[in-house]
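Student: PDB, C-alpha atoms and all ligand atoms, saved as query-v7.pdb, coming up:
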```pdb
ATOM      1  CA  MET A 277      90.876 108.651 139.445  1.00  0.00           C
ATOM      2  CA  SER A 278      89.324 105.205 139.063  1.00  0.00           C
ATOM      3  CA  ASN A 279      91.468 102.077 138.839  1.00  0.00           C
ATOM      4  CA  GLU A 280      90.579 101.733 135.176  1.00  0.00           C
ATOM      5  CA  GLU A 281      91.600 105.315 134.389  1.00  0.00           C
ATOM      6  CA  GLN A 282      94.879 104.802 136.255  1.00  0.00           C
ATOM      7  CA  LEU A 283      95.556 101.592 134.372  1.00  0.00           C
ATOM      8  CA  SER A 284      94.866 103.268 131.051  1.00  0.00           C
ATOM      9  CA  LEU A 285      97.804 105.636 131.719  1.00  0.00           C
ATOM     10  CA  PHE A 286     100.094 102.633 131.245  1.00  0.00           C
ATOM     11  CA  GLY A 287      99.117 102.336 127.601  1.00  0.00           C
ATOM     12  CA  GLY A 288      98.396  98.715 126.744  1.00  0.00           C
ATOM     13  CA  ASP A 289      97.070  97.156 123.574  1.00  0.00           C
ATOM     14  CA  PRO A 290      96.257  99.635 120.809  1.00  0.00           C
ATOM     15  CA  GLU A 291      92.545 100.099 120.147  1.00  0.00           C
ATOM     16  CA  PRO A 292      91.369  97.935 117.240  1.00  0.00           C
ATOM     17  CA  PRO A 293      90.589 100.019 114.114  1.00  0.00           C
ATOM     18  CA  THR A 294      86.979 101.148 114.126  1.00  0.00           C
ATOM     19  CA  THR A 295      86.565 101.815 110.389  1.00  0.00           C
ATOM     20  CA  SER A 296      85.801  98.787 108.298  1.00  0.00           C
ATOM     21  CA  PHE A 297      86.465  98.792 104.546  1.00  0.00           C
ATOM     22  CA  ASN A 298      82.802  97.908 104.143  1.00  0.00           C
ATOM     23  CA  ALA A 299      82.053 101.374 105.441  1.00  0.00           C
ATOM     24  CA  ILE A 300      83.883 102.944 102.486  1.00  0.00           C
ATOM     25  CA  PRO A 301      81.383 103.477  99.688  1.00  0.00           C
ATOM     26  CA  THR A 302      82.541 101.973  96.431  1.00  0.00           C
ATOM     27  CA  ASP A 303      81.716 105.235  94.652  1.00  0.00           C
ATOM     28  CA  ALA A 304      83.775 107.293  97.081  1.00  0.00           C
ATOM     29  CA  SER A 305      86.287 109.545  95.400  1.00  0.00           C
ATOM     30  CA  VAL A 306      87.941 110.017  98.799  1.00  0.00           C
ATOM     31  CA  PRO A 307      91.332 108.393  99.170  1.00  0.00           C
ATOM     32  CA  VAL A 308      91.266 104.904 100.645  1.00  0.00           C
ATOM     33  CA  PRO A 309      93.920 104.875 103.353  1.00  0.00           C
ATOM     34  CA  GLN A 310      96.697 102.313 103.358  1.00  0.00           C
ATOM     35  CA  GLY A 311      95.740  99.472 105.659  1.00  0.00           C
ATOM     36  CA  THR A 312      92.083  99.523 104.609  1.00  0.00           C
ATOM     37  CA  TYR A 313      91.834  95.919 103.410  1.00  0.00           C
ATOM     38  CA  PRO A 314      92.528  93.020 105.765  1.00  0.00           C
ATOM     39  CA  ASP A 315      93.440  90.759 102.824  1.00  0.00           C
ATOM     40  CA  LEU A 316      93.468  90.448  99.046  1.00  0.00           C
ATOM     41  CA  ASP A 317      90.059  88.748  98.916  1.00  0.00           C
ATOM     42  CA  ALA A 318      88.434  91.725 100.619  1.00  0.00           C
ATOM     43  CA  LEU A 319      90.184  94.041  98.171  1.00  0.00           C
ATOM     44  CA  ALA A 320      89.037  91.993  95.149  1.00  0.00           C
ATOM     45  CA  ASN A 321      85.521  91.946  96.495  1.00  0.00           C
ATOM     46  CA  HIS A 322      85.533  95.721  96.804  1.00  0.00           C
ATOM     47  CA  CYS A 323      86.974  96.147  93.284  1.00  0.00           C
ATOM     48  CA  ASN A 324      84.111  94.110  91.886  1.00  0.00           C
ATOM     49  CA  GLN A 325      81.617  96.547  93.359  1.00  0.00           C
ATOM     50  CA  CYS A 326      83.695  99.650  92.614  1.00  0.00           C
ATOM     51  CA  GLN A 327      81.992 102.640  90.992  1.00  0.00           C
ATOM     52  CA  ARG A 328      84.798 105.125  91.551  1.00  0.00           C
ATOM     53  CA  CYS A 329      85.250 105.948  87.875  1.00  0.00           C
ATOM     54  CA  GLY A 330      83.433 105.685  84.558  1.00  0.00           C
ATOM     55  CA  LEU A 331      85.099 102.380  83.617  1.00  0.00           C
ATOM     56  CA  ALA A 332      82.706 100.578  85.987  1.00  0.00           C
ATOM     57  CA  ALA A 333      79.843 101.201  83.539  1.00  0.00           C
ATOM     58  CA  THR A 334      81.346  99.127  80.731  1.00  0.00           C
ATOM     59  CA  ARG A 335      83.228  96.357  82.527  1.00  0.00           C
ATOM     60  CA  THR A 336      82.209  92.688  82.515  1.00  0.00           C
ATOM     61  CA  HIS A 337      84.532  91.877  85.416  1.00  0.00           C
ATOM     62  CA  ALA A 338      86.969  93.859  87.467  1.00  0.00           C
ATOM     63  CA  VAL A 339      90.375  92.329  86.747  1.00  0.00           C
ATOM     64  CA  VAL A 340      92.295  92.254  89.991  1.00  0.00           C
ATOM     65  CA  SER A 341      95.129  89.740  89.815  1.00  0.00           C
ATOM     66  CA  ARG A 342      96.447  86.290  89.104  1.00  0.00           C
ATOM     67  CA  GLY A 343      99.531  84.411  90.247  1.00  0.00           C
ATOM     68  CA  ASN A 344     100.972  83.864  93.693  1.00  0.00           C
ATOM     69  CA  PRO A 345      99.747  86.342  96.352  1.00  0.00           C
ATOM     70  CA  ALA A 346     102.868  85.572  98.392  1.00  0.00           C
ATOM     71  CA  ALA A 347     105.274  86.190  95.498  1.00  0.00           C
ATOM     72  CA  ASP A 348     108.548  88.104  95.775  1.00  0.00           C
ATOM     73  CA  LEU A 349     107.917  89.620  92.360  1.00  0.00           C
ATOM     74  CA  VAL A 350     104.936  91.748  91.277  1.00  0.00           C
ATOM     75  CA  VAL A 351     104.301  92.661  87.645  1.00  0.00           C
ATOM     76  CA  ILE A 352     102.093  95.685  86.989  1.00  0.00           C
ATOM     77  CA  GLY A 353     100.555  96.135  83.545  1.00  0.00           C
ATOM     78  CA  GLU A 354      98.424  98.882  82.112  1.00  0.00           C
ATOM     79  CA  GLY A 355      94.847  97.639  82.203  1.00  0.00           C
ATOM     80  CA  PRO A 356      92.653  94.782  81.066  1.00  0.00           C
ATOM     81  CA  GLY A 357      91.868  94.133  77.408  1.00  0.00           C
ATOM     82  CA  GLN A 358      88.900  92.249  76.007  1.00  0.00           C
ATOM     83  CA  HIS A 359      90.014  88.733  77.048  1.00  0.00           C
ATOM     84  CA  GLU A 360      90.913  89.921  80.530  1.00  0.00           C
ATOM     85  CA  ASP A 361      87.573  91.701  80.923  1.00  0.00           C
ATOM     86  CA  GLU A 362      85.731  88.534  79.871  1.00  0.00           C
ATOM     87  CA  LYS A 363      87.702  86.211  82.147  1.00  0.00           C
ATOM     88  CA  GLY A 364      88.312  88.548  85.073  1.00  0.00           C
ATOM     89  CA  LEU A 365      92.051  87.744  85.009  1.00  0.00           C
ATOM     90  CA  PRO A 366      95.001  89.883  83.891  1.00  0.00           C
ATOM     91  CA  PHE A 367      97.241  89.010  80.945  1.00  0.00           C
ATOM     92  CA  VAL A 368      95.333  86.049  79.571  1.00  0.00           C
ATOM     93  CA  GLY A 369      95.524  87.037  75.862  1.00  0.00           C
ATOM     94  CA  ARG A 370      98.504  87.005  73.492  1.00  0.00           C
ATOM     95  CA  SER A 371     100.482  89.464  75.614  1.00  0.00           C
ATOM     96  CA  GLY A 372      99.989  87.210  78.608  1.00  0.00           C
ATOM     97  CA  GLU A 373     101.177  84.160  76.680  1.00  0.00           C
ATOM     98  CA  LEU A 374     104.357  85.952  75.725  1.00  0.00           C
ATOM     99  CA  LEU A 375     104.836  87.215  79.277  1.00  0.00           C
ATOM    100  CA  GLU A 376     104.689  83.619  80.562  1.00  0.00           C
ATOM    101  CA  LYS A 377     107.332  82.573  78.009  1.00  0.00           C
ATOM    102  CA  ILE A 378     109.536  85.458  79.074  1.00  0.00           C
ATOM    103  CA  PHE A 379     109.242  84.438  82.748  1.00  0.00           C
ATOM    104  CA  ALA A 380     109.896  80.800  81.898  1.00  0.00           C
ATOM    105  CA  SER A 381     113.112  81.815  80.101  1.00  0.00           C
ATOM    106  CA  VAL A 382     114.530  82.810  83.495  1.00  0.00           C
ATOM    107  CA  ASN A 383     112.901  79.924  85.395  1.00  0.00           C
ATOM    108  CA  LEU A 384     110.072  81.960  86.867  1.00  0.00           C
ATOM    109  CA  SER A 385     106.396  81.070  86.724  1.00  0.00           C
ATOM    110  CA  SER A 386     103.342  83.127  87.592  1.00  0.00           C
ATOM    111  CA  GLU A 387     101.997  80.183  89.572  1.00  0.00           C
ATOM    112  CA  ASP A 388     104.929  80.129  91.983  1.00  0.00           C
ATOM    113  CA  ASP A 389     106.955  83.299  91.697  1.00  0.00           C
ATOM    114  CA  ILE A 390     104.874  86.186  90.406  1.00  0.00           C
ATOM    115  CA  TYR A 391     101.769  88.189  91.294  1.00  0.00           C
ATOM    116  CA  ILE A 392     100.319  89.951  88.229  1.00  0.00           C
ATOM    117  CA  CYS A 393      98.034  92.976  88.303  1.00  0.00           C
ATOM    118  CA  ASN A 394      97.309  96.205  86.437  1.00  0.00           C
ATOM    119  CA  VAL A 395      97.263  99.940  87.074  1.00  0.00           C
ATOM    120  CA  VAL A 396      93.513 100.036  86.367  1.00  0.00           C
ATOM    121  CA  LYS A 397      91.262  97.122  87.190  1.00  0.00           C
ATOM    122  CA  CYS A 398      88.571  97.740  84.562  1.00  0.00           C
ATOM    123  CA  ARG A 399      88.881  97.683  80.785  1.00  0.00           C
ATOM    124  CA  PRO A 400      89.063 101.071  79.092  1.00  0.00           C
ATOM    125  CA  PRO A 401      86.634 101.068  76.131  1.00  0.00           C
ATOM    126  CA  LYS A 402      88.237 100.133  72.808  1.00  0.00           C
ATOM    127  CA  ASN A 403      91.491  99.498  74.701  1.00  0.00           C
ATOM    128  CA  ARG A 404      92.320 103.200  74.889  1.00  0.00           C
ATOM    129  CA  ASN A 405      94.889 104.261  77.501  1.00  0.00           C
ATOM    130  CA  PRO A 406      93.376 104.841  80.948  1.00  0.00           C
ATOM    131  CA  ASN A 407      93.021 108.549  81.664  1.00  0.00           C
ATOM    132  CA  PRO A 408      94.575 110.285  84.709  1.00  0.00           C
ATOM    133  CA  ASP A 409      91.263 110.326  86.650  1.00  0.00           C
ATOM    134  CA  GLU A 410      90.810 106.593  86.181  1.00  0.00           C
ATOM    135  CA  ILE A 411      94.396 105.909  87.208  1.00  0.00           C
ATOM    136  CA  GLU A 412      93.990 108.045  90.353  1.00  0.00           C
ATOM    137  CA  ALA A 413      90.652 106.424  91.256  1.00  0.00           C
ATOM    138  CA  CYS A 414      92.231 102.971  91.050  1.00  0.00           C
ATOM    139  CA  LYS A 415      95.563 103.789  92.721  1.00  0.00           C
ATOM    140  CA  PRO A 416      94.491 102.937  96.295  1.00  0.00           C
ATOM    141  CA  TYR A 417      93.760  99.388  95.154  1.00  0.00           C
ATOM    142  CA  LEU A 418      97.197  99.086  93.588  1.00  0.00           C
ATOM    143  CA  LEU A 419      98.925 100.442  96.687  1.00  0.00           C
ATOM    144  CA  GLU A 420      96.995  98.028  98.871  1.00  0.00           C
ATOM    145  CA  GLN A 421      97.955  95.127  96.599  1.00  0.00           C
ATOM    146  CA  ILE A 422     101.607  96.056  96.994  1.00  0.00           C
ATOM    147  CA  ARG A 423     101.260  96.378 100.771  1.00  0.00           C
ATOM    148  CA  LEU A 424      99.493  93.030 101.127  1.00  0.00           C
ATOM    149  CA  VAL A 425     101.687  91.024  98.733  1.00  0.00           C
ATOM    150  CA  ASP A 426     104.829  92.753 100.036  1.00  0.00           C
ATOM    151  CA  PRO A 427     107.113  91.822  97.116  1.00  0.00           C
ATOM    152  CA  LYS A 428     110.867  92.367  96.983  1.00  0.00           C
ATOM    153  CA  ILE A 429     110.719  93.592  93.366  1.00  0.00           C
ATOM    154  CA  VAL A 430     108.076  95.347  91.251  1.00  0.00           C
ATOM    155  CA  LEU A 431     108.184  95.306  87.444  1.00  0.00           C
ATOM    156  CA  LEU A 432     106.299  97.983  85.523  1.00  0.00           C
ATOM    157  CA  THR A 433     105.462  96.734  82.090  1.00  0.00           C
ATOM    158  CA  GLY A 434     104.984  99.406  79.445  1.00  0.00           C
ATOM    159  CA  ALA A 435     104.905 103.179  79.301  1.00  0.00           C
ATOM    160  CA  VAL A 436     101.460 103.610  80.870  1.00  0.00           C
ATOM    161  CA  ALA A 437     102.368 101.597  83.974  1.00  0.00           C
ATOM    162  CA  VAL A 438     105.656 103.473  84.285  1.00  0.00           C
ATOM    163  CA  LYS A 439     104.008 106.871  83.936  1.00  0.00           C
ATOM    164  CA  SER A 440     101.234 105.980  86.364  1.00  0.00           C
ATOM    165  CA  VAL A 441     103.538 104.759  89.087  1.00  0.00           C
ATOM    166  CA  LEU A 442     106.837 106.608  88.772  1.00  0.00           C
ATOM    167  CA  ASN A 443     106.838 110.332  88.300  1.00  0.00           C
ATOM    168  CA  GLU A 444     109.168 109.878  85.354  1.00  0.00           C
ATOM    169  CA  LYS A 445     109.228 111.998  82.232  1.00  0.00           C
ATOM    170  CA  ARG A 446     111.728 109.909  80.266  1.00  0.00           C
ATOM    171  CA  GLY A 447     110.309 107.329  77.861  1.00  0.00           C
ATOM    172  CA  ILE A 448     110.348 103.583  78.439  1.00  0.00           C
ATOM    173  CA  THR A 449     113.150 102.969  75.915  1.00  0.00           C
ATOM    174  CA  LYS A 450     115.410 105.275  77.962  1.00  0.00           C
ATOM    175  CA  ILE A 451     114.687 103.855  81.398  1.00  0.00           C
ATOM    176  CA  ARG A 452     113.856 100.179  80.869  1.00  0.00           C
ATOM    177  CA  GLY A 453     116.236  97.929  82.736  1.00  0.00           C
ATOM    178  CA  GLN A 454     117.083 100.582  85.347  1.00  0.00           C
ATOM    179  CA  TRP A 455     116.357 100.158  89.039  1.00  0.00           C
ATOM    180  CA  PHE A 456     114.133 102.709  90.772  1.00  0.00           C
ATOM    181  CA  GLU A 457     112.758 102.846  94.283  1.00  0.00           C
ATOM    182  CA  TRP A 458     108.982 102.798  94.723  1.00  0.00           C
ATOM    183  CA  GLU A 459     106.958 102.104  97.867  1.00  0.00           C
ATOM    184  CA  ASN A 460     110.226 101.224  99.617  1.00  0.00           C
ATOM    185  CA  ARG A 461     111.096  98.488  97.202  1.00  0.00           C
ATOM    186  CA  LEU A 462     113.072  97.908  94.031  1.00  0.00           C
ATOM    187  CA  CYS A 463     111.196  98.635  90.870  1.00  0.00           C
ATOM    188  CA  MET A 464     112.181  98.202  87.219  1.00  0.00           C
ATOM    189  CA  PRO A 465     110.433  99.436  84.054  1.00  0.00           C
ATOM    190  CA  ILE A 466     110.360  96.788  81.303  1.00  0.00           C
ATOM    191  CA  PHE A 467     108.849  96.736  77.826  1.00  0.00           C
ATOM    192  CA  HIS A 468     105.206  95.760  77.451  1.00  0.00           C
ATOM    193  CA  PRO A 469     104.752  92.308  75.840  1.00  0.00           C
ATOM    194  CA  ALA A 470     102.374  93.847  73.250  1.00  0.00           C
ATOM    195  CA  TYR A 471     105.310  95.989  72.073  1.00  0.00           C
ATOM    196  CA  LEU A 472     107.448  92.854  71.764  1.00  0.00           C
ATOM    197  CA  LEU A 473     104.724  91.153  69.731  1.00  0.00           C
ATOM    198  CA  ARG A 474     104.964  94.043  67.282  1.00  0.00           C
ATOM    199  CA  ASN A 475     108.776  93.840  67.293  1.00  0.00           C
ATOM    200  CA  PRO A 476     109.540  90.116  67.125  1.00  0.00           C
ATOM    201  CA  SER A 477     113.247  90.216  66.160  1.00  0.00           C
ATOM    202  CA  ARG A 478     115.540  88.661  68.762  1.00  0.00           C
ATOM    203  CA  GLU A 479     118.659  90.287  67.271  1.00  0.00           C
ATOM    204  CA  LYS A 480     121.132  91.842  69.672  1.00  0.00           C
ATOM    205  CA  GLY A 481     120.020  95.353  70.649  1.00  0.00           C
ATOM    206  CA  LYS A 482     116.388  94.851  69.588  1.00  0.00           C
ATOM    207  CA  PRO A 483     113.528  95.068  72.133  1.00  0.00           C
ATOM    208  CA  LYS A 484     113.236  91.285  72.681  1.00  0.00           C
ATOM    209  CA  TRP A 485     116.960  90.982  73.286  1.00  0.00           C
ATOM    210  CA  LEU A 486     116.840  93.930  75.693  1.00  0.00           C
ATOM    211  CA  MET A 487     113.929  92.313  77.539  1.00  0.00           C
ATOM    212  CA  TRP A 488     116.001  89.150  77.933  1.00  0.00           C
ATOM    213  CA  GLN A 489     118.836  91.215  79.473  1.00  0.00           C
ATOM    214  CA  ASP A 490     116.373  92.874  81.856  1.00  0.00           C
ATOM    215  CA  MET A 491     114.828  89.596  82.954  1.00  0.00           C
ATOM    216  CA  GLN A 492     118.241  88.111  83.671  1.00  0.00           C
ATOM    217  CA  ALA A 493     119.042  91.149  85.826  1.00  0.00           C
ATOM    218  CA  VAL A 494     115.709  90.706  87.654  1.00  0.00           C
ATOM    219  CA  GLN A 495     116.319  87.028  88.292  1.00  0.00           C
ATOM    220  CA  ALA A 496     119.842  87.709  89.587  1.00  0.00           C
ATOM    221  CA  LYS A 497     118.565  90.448  91.902  1.00  0.00           C
ATOM    222  CA  LEU A 498     115.791  88.191  93.202  1.00  0.00           C
ATOM    223  CA  GLU A 499     118.313  85.488  94.046  1.00  0.00           C
ATOM    224  CA  GLU A 500     120.566  88.023  95.734  1.00  0.00           C
ATOM    225  CA  LEU A 501     117.683  89.393  97.842  1.00  0.00           C
ATOM    226  CA  ARG A 502     116.401  85.928  98.737  1.00  0.00           C
ATOM    227  CA  SER A 503     119.826  84.813  99.917  1.00  0.00           C
ATOM    228  CA  ARG A 504     120.246  87.734 102.329  1.00  0.00           C
TER     229      ARG A 504
HETATM  230  N1  LIG B   1      97.785  94.335  78.803  1.00  0.00           N
HETATM  231  C1  LIG B   1      97.900  94.808  80.073  1.00  0.00           C
HETATM  232  O1  LIG B   1      98.582  95.789  80.313  1.00  0.00           O
HETATM  233  N2  LIG B   1      97.266  94.174  81.022  1.00  0.00           N
HETATM  234  C2  LIG B   1      96.522  93.090  80.819  1.00  0.00           C
HETATM  235  O2  LIG B   1      95.979  92.563  81.772  1.00  0.00           O
HETATM  236  C3  LIG B   1      96.442  92.613  79.509  1.00  0.00           C
HETATM  237  C4  LIG B   1      97.068  93.236  78.514  1.00  0.00           C
END
```
Kindly transcribe the structure held in the file into structure tokens.
Ligand code: URA
Tutor:
Amino acid sequence: MSNEEQLSLFGGDPEPPTTSFNAIPTDASVPVPQGTYPDLDALANHCNQCQRCGLAATRTHAVVSRGNPAADLVVIGEGPGQHEDEKGLPFVGRSGELLEKIFASVNLSSEDDIYICNVVKCRPPKNRNPNPDEIEACKPYLLEQIRLVDPKIVLLTGAVAVKSVLNEKRGITKIRGQWFEWENRLCMPIFHPAYLLRNPSREKGKPKWLMWQDMQAVQAKLEELRSR
């Protein structure tokens, strides 16, 4: 046995990964393994070339994220609408405006405290719900975002996000405000801001009031986790 072979029996540094994400075709329907992207820029770059589902044909921009990539809190929405598609940023229309106000009510801002993304990165035509194939095609990107941001808490806003992420049959009105575990972290379903725009009453027991309760619970949990 040569010296080198003998030395190799002692283990040593693991071999560097040989597959680069650039080697994964953007039309591949194969799963993208966790750990594929070295950082969020590489992931965004790949999303902008992605052809893994039919939504690529009609998008203006892939809508990957906005906010703080080192945030303790991630908010996952359903998918981009028209404004988001045009700007390439999530939640920049009326829903986004309301979301910012909701965060501000518990002293959180997307600039400092929150990373915002969606279940699907490309706009479904006419704002229809994304279909299961589209959600599956986009899921590796979402999982990589969660791995790279590494938040303490994930909020799922609206029924589509909840259904896509948690294998949960109960409706959003039943499970909003409850804590779940997903990807080894705390996760809470909350109402979608578009639903709150359609239900503007702030009366006790109404959706906006319930959202306020949920956000206070989220803020308290964040503080608890940060102080550990
Ligand atoms: N609704 C969503 O779910 N996501 C957006 O980015 C915008 C509106």
Student: Determine, for each residue of stretch 389-430 of chain A having at least one atom at most 12 Å from an atom of stretch 317-321 of chain A, the closest pair of atoms and their separation in Å to one decimal, counting all atoms listed in the file; order by chain and ascending number, as CSV.
Tutor:
```
residue,atom,partner,partner_atom,distance
A:Cys393,CA,A:Ala320,CA,11.3
A:Lys397,CA,A:Ala320,CA,9.7
A:Cys414,CA,A:Leu319,CA,11.6
A:Pro416,CA,A:Leu319,CA,10.1
A:Tyr417,CA,A:Leu319,CA,7.1
A:Leu418,CA,A:Leu319,CA,9.8
A:Leu419,CA,A:Leu319,CA,10.9
A:Glu420,CA,A:Leu319,CA,7.9
A:Gln421,CA,A:Leu319,CA,8.0
A:Ile422,CA,A:Leu319,CA,11.7
A:Arg423,CA,A:Leu319,CA,11.6
A:Leu424,CA,A:Leu319,CA,9.8
A:Val425,CA,A:Asp317,CA,11.9
```
Student: Using all atoms listed in the file, find all polymer residues with an atom at most 7 Å away from the point (84.2, 98.0, 81.1); report them as a PDB file with C-alpha atoms, in the coordinates of the input.
Tutor:
```
ATOM      1  CA  LEU A 331      85.099 102.380  83.617  1.00  0.00           C
ATOM      2  CA  ALA A 332      82.706 100.578  85.987  1.00  0.00           C
ATOM      3  CA  ALA A 333      79.843 101.201  83.539  1.00  0.00           C
ATOM      4  CA  THR A 334      81.346  99.127  80.731  1.00  0.00           C
ATOM      5  CA  ARG A 335      83.228  96.357  82.527  1.00  0.00           C
ATOM      6  CA  THR A 336      82.209  92.688  82.515  1.00  0.00           C
ATOM      7  CA  CYS A 398      88.571  97.740  84.562  1.00  0.00           C
ATOM      8  CA  ARG A 399      88.881  97.683  80.785  1.00  0.00           C
ATOM      9  CA  PRO A 400      89.063 101.071  79.092  1.00  0.00           C
ATOM     10  CA  PRO A 401      86.634 101.068  76.131  1.00  0.00           C
TER      11      PRO A 401
END
```
Student: Evaluated on this file, the PyMOL selection byres (((chain A and resi 410) around 9) and not hetatm) picks out some residues - which ones are they, written as a ChimeraX atom specification?
Tutor: /A:328-331,396,406-409,411-415
Student: I need the residues from that last selection saved to file as a short mmCIF file (atom, residue, chain, number, x, y, z; two decimals), in the coordinates of the input (with C-alpha atoms), if you can.
Tutor:
```cif
data_model
loop_
_atom_site.label_atom_id
_atom_site.label_comp_id
_atom_site.auth_asym_id
_atom_site.auth_seq_id
_atom_site.Cartn_x
_atom_site.Cartn_y
_atom_site.Cartn_z
CA ARG A 328 84.80 105.12 91.55
CA CYS A 329 85.25 105.95 87.88
CA GLY A 330 83.43 105.68 84.56
CA LEU A 331 85.10 102.38 83.62
CA VAL A 396 93.51 100.04 86.37
CA PRO A 406 93.38 104.84 80.95
CA ASN A 407 93.02 108.55 81.66
CA PRO A 408 94.58 110.28 84.71
CA ASP A 409 91.26 110.33 86.65
CA ILE A 411 94.40 105.91 87.21
CA GLU A 412 93.99 108.04 90.35
CA ALA A 413 90.65 106.42 91.26
CA CYS A 414 92.23 102.97 91.05
CA LYS A 415 95.56 103.79 92.72
#
```
Student: Between atom CA of A:Glu457 and atom CA of A:Glu500, measure the distance and give it in Å to one decimal.
Tutor: 16.8 Å
Student: 8 Å from ligand LIG 1 (chain B) is the threshold here; counting only C-alpha atoms and all ligand atoms, which polymer residues fall inside it? Answer as a count of residues only.
Tutor: 24
Student: Could you write out as a VMD selection string the residues that the PyMOL selection byres (((chain A and resi 302) around 10) and not hetatm) matches in the shown file?
Tutor: chain A and resid 297 to 301 303 to 306 322 to 329
Student: Tell me, in Å to one decimal, how far atom CA of A:Gln495 is from atom CA of A:Ser341.
Tutor: 21.4 Å
Student: Hey, which of A:Ala338, A:Ile448, A:Leu384, A:Lys439 ends up closest to A:Ala496? Count only C-alpha atoms.
Tutor: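 Result for the nearest residue to A:Ala496: A:Leu384.
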Student: Starting from the PyMOL selection byres (((chain A and resi 452) around 7) and not hetatm), expand the selection into actual residues of this file and give them as an NGL selection string.
Tutor: :A and (448-451 or 453-454 or 464-467)
Student: What gap, in Å, lies between atom CA of A:Asp348 and atom CA of A:Val395?
Tutor: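 We find that atom CA of A:Asp348 and atom CA of A:Val395 lie 18.5 Å from each other.
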Student: Could you check the closest approach to A:Tyr391 for each of A:Val350, A:Leu431, A:Gly364, A:Asn405 and tell me which residue wins, using only C-alpha atoms?
Tutor: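 For A:Tyr391, the nearest of the given residues is A:Val350.
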Student: Using all atoms of stretch 314-321 of chain A listed in the file and a margin of 8 Å per side, can you give the axis-aligned box centre and edge lengths in Å to one decimal, as JSON?
Tutor:
```
{"center_x": 89.5, "center_y": 91.4, "center_z": 100.5, "size_x": 23.9, "size_y": 21.3, "size_z": 26.6}
```
Student: Go through A:Lys428, A:Gly343, A:Ile390, A:Ser385 one by one, measure the shortest atom-to-atom distance of each to A:Arg504 using all atoms listed in the file, and give the residue with the smallest value.
Tutor: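 Among A:Lys428, A:Gly343, A:Ile390, A:Ser385, it is A:Lys428 that comes nearest to A:Arg504.
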Student: Hey, can you pull every residue with an atom no more than 9 Å from (114.1, 97.3, 72.0), using all atoms listed in the file, and send it as a VMD selection string?
Tutor: chain A and resid 449 467 471 to 472 475 481 to 487
Student: Residues at most 10 Å from A:Asp388, counting all atoms listed in the file, excluding those fewer than 5 positions away in the same chain, as a list in words?
Tutor: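 In the requested form, the answer reads Gly343, Asn344, Pro345, Ala346, Ala347, Asp348 and Leu349 of chain A.
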Student: Which residues are close to A:Trp458, i.e. within 9 Å by all atoms listed in the file, leaving aside same-chain residues fewer than 2 positions away? Reply as a ChimeraX atom specification.
Tutor: /A:430,441-442,456,460-463
Student: Which one is closest to A:Leu316: A:Lys363, A:Asp426, A:Val494, A:Arg404? Count only C-alpha atoms.
Tutor: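 Of the candidates, the smallest distance to A:Leu316 is held by A:Asp426.
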